[in-house]
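Colleague: Got a structure for you, written out below as structure tokens; questions coming shortly.
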Amino acid sequence: MKYLSFLLLFLLSSCTYNEFSPCETNEPTFSDCVKPIFEQNCMGCHSMGNPDGIMALTNYQEIQNQVINGTVIESLKREFGFMPKFGERLSEEEILIIENWKNNGALNN
């Protein structure tokens, strides 16, 4: 019985918890991966409600148009004057997610 308790304790302590992220870097979806990036980093300035918002990035169609024509990705990758203007540069992973979403057809999924 003593050994069984030890074995059970060992097995339970060796388990780890890994939260599954619904966002896939290689085949990202708009709703799980791309849209949250824009909501957290872009929509504060790039909305019709903001008088300084040059281009709106508030919905799928607006985001798709600006990603496909290259404006968004170029703005994110600039050395100086990168976007978001008043925030931290997006991570390489976030930029890769947007690029891969574009390369996979920029679907509304």
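Just remember, in the structure tokens the first chain shown is A, the second B, etc., residues are 1-based per chain, and ligands are 1-based in the order shown.
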Excluding same-chain residues fewer than 6 positions from Asn103 (chain A), what lies within 10 Å of it counting only C-alpha atoms, as a list of chain:residue names?
Modeller: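 In the requested form, the answer reads A:Asn26, A:Glu27, A:Ile68, A:Ile97.
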Colleague: Give me the residues within 10 Å of region 57-62 of chain A as a count of residues only, counting only C-alpha atoms and dropping any in the same chain fewer than 2 places off.
Modeller: 25
Colleague: One decimal, in Å: what's the spacing between CA of Pro36 (chain A) and CA of Glu99 (chain A)?
Modeller: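 Pair CA of Pro36 (chain A) / CA of Glu99 (chain A) returns 14.8 Å.
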Colleague: From the list A:Ala56, A:Ile63, A:Ile95, A:Asn100, which residue is nearest Arg78 (chain A) when using only C-alpha atoms?
Modeller: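 Nearest candidate to Arg78 (chain A) out of A:Ala56, A:Ile63, A:Ile95, A:Asn100: A:Ile95.
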Colleague: Restricting the calculation to only C-alpha atoms: of A:Phe82, A:Asn50, A:Ile73, A:Asp32, which residue gets closest to Leu96 (chain A)?
Modeller: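 Checking each of A:Phe82, A:Asn50, A:Ile73, A:Asp32 against Leu96 (chain A), counting only C-alpha atoms, the winner is A:Ile73.
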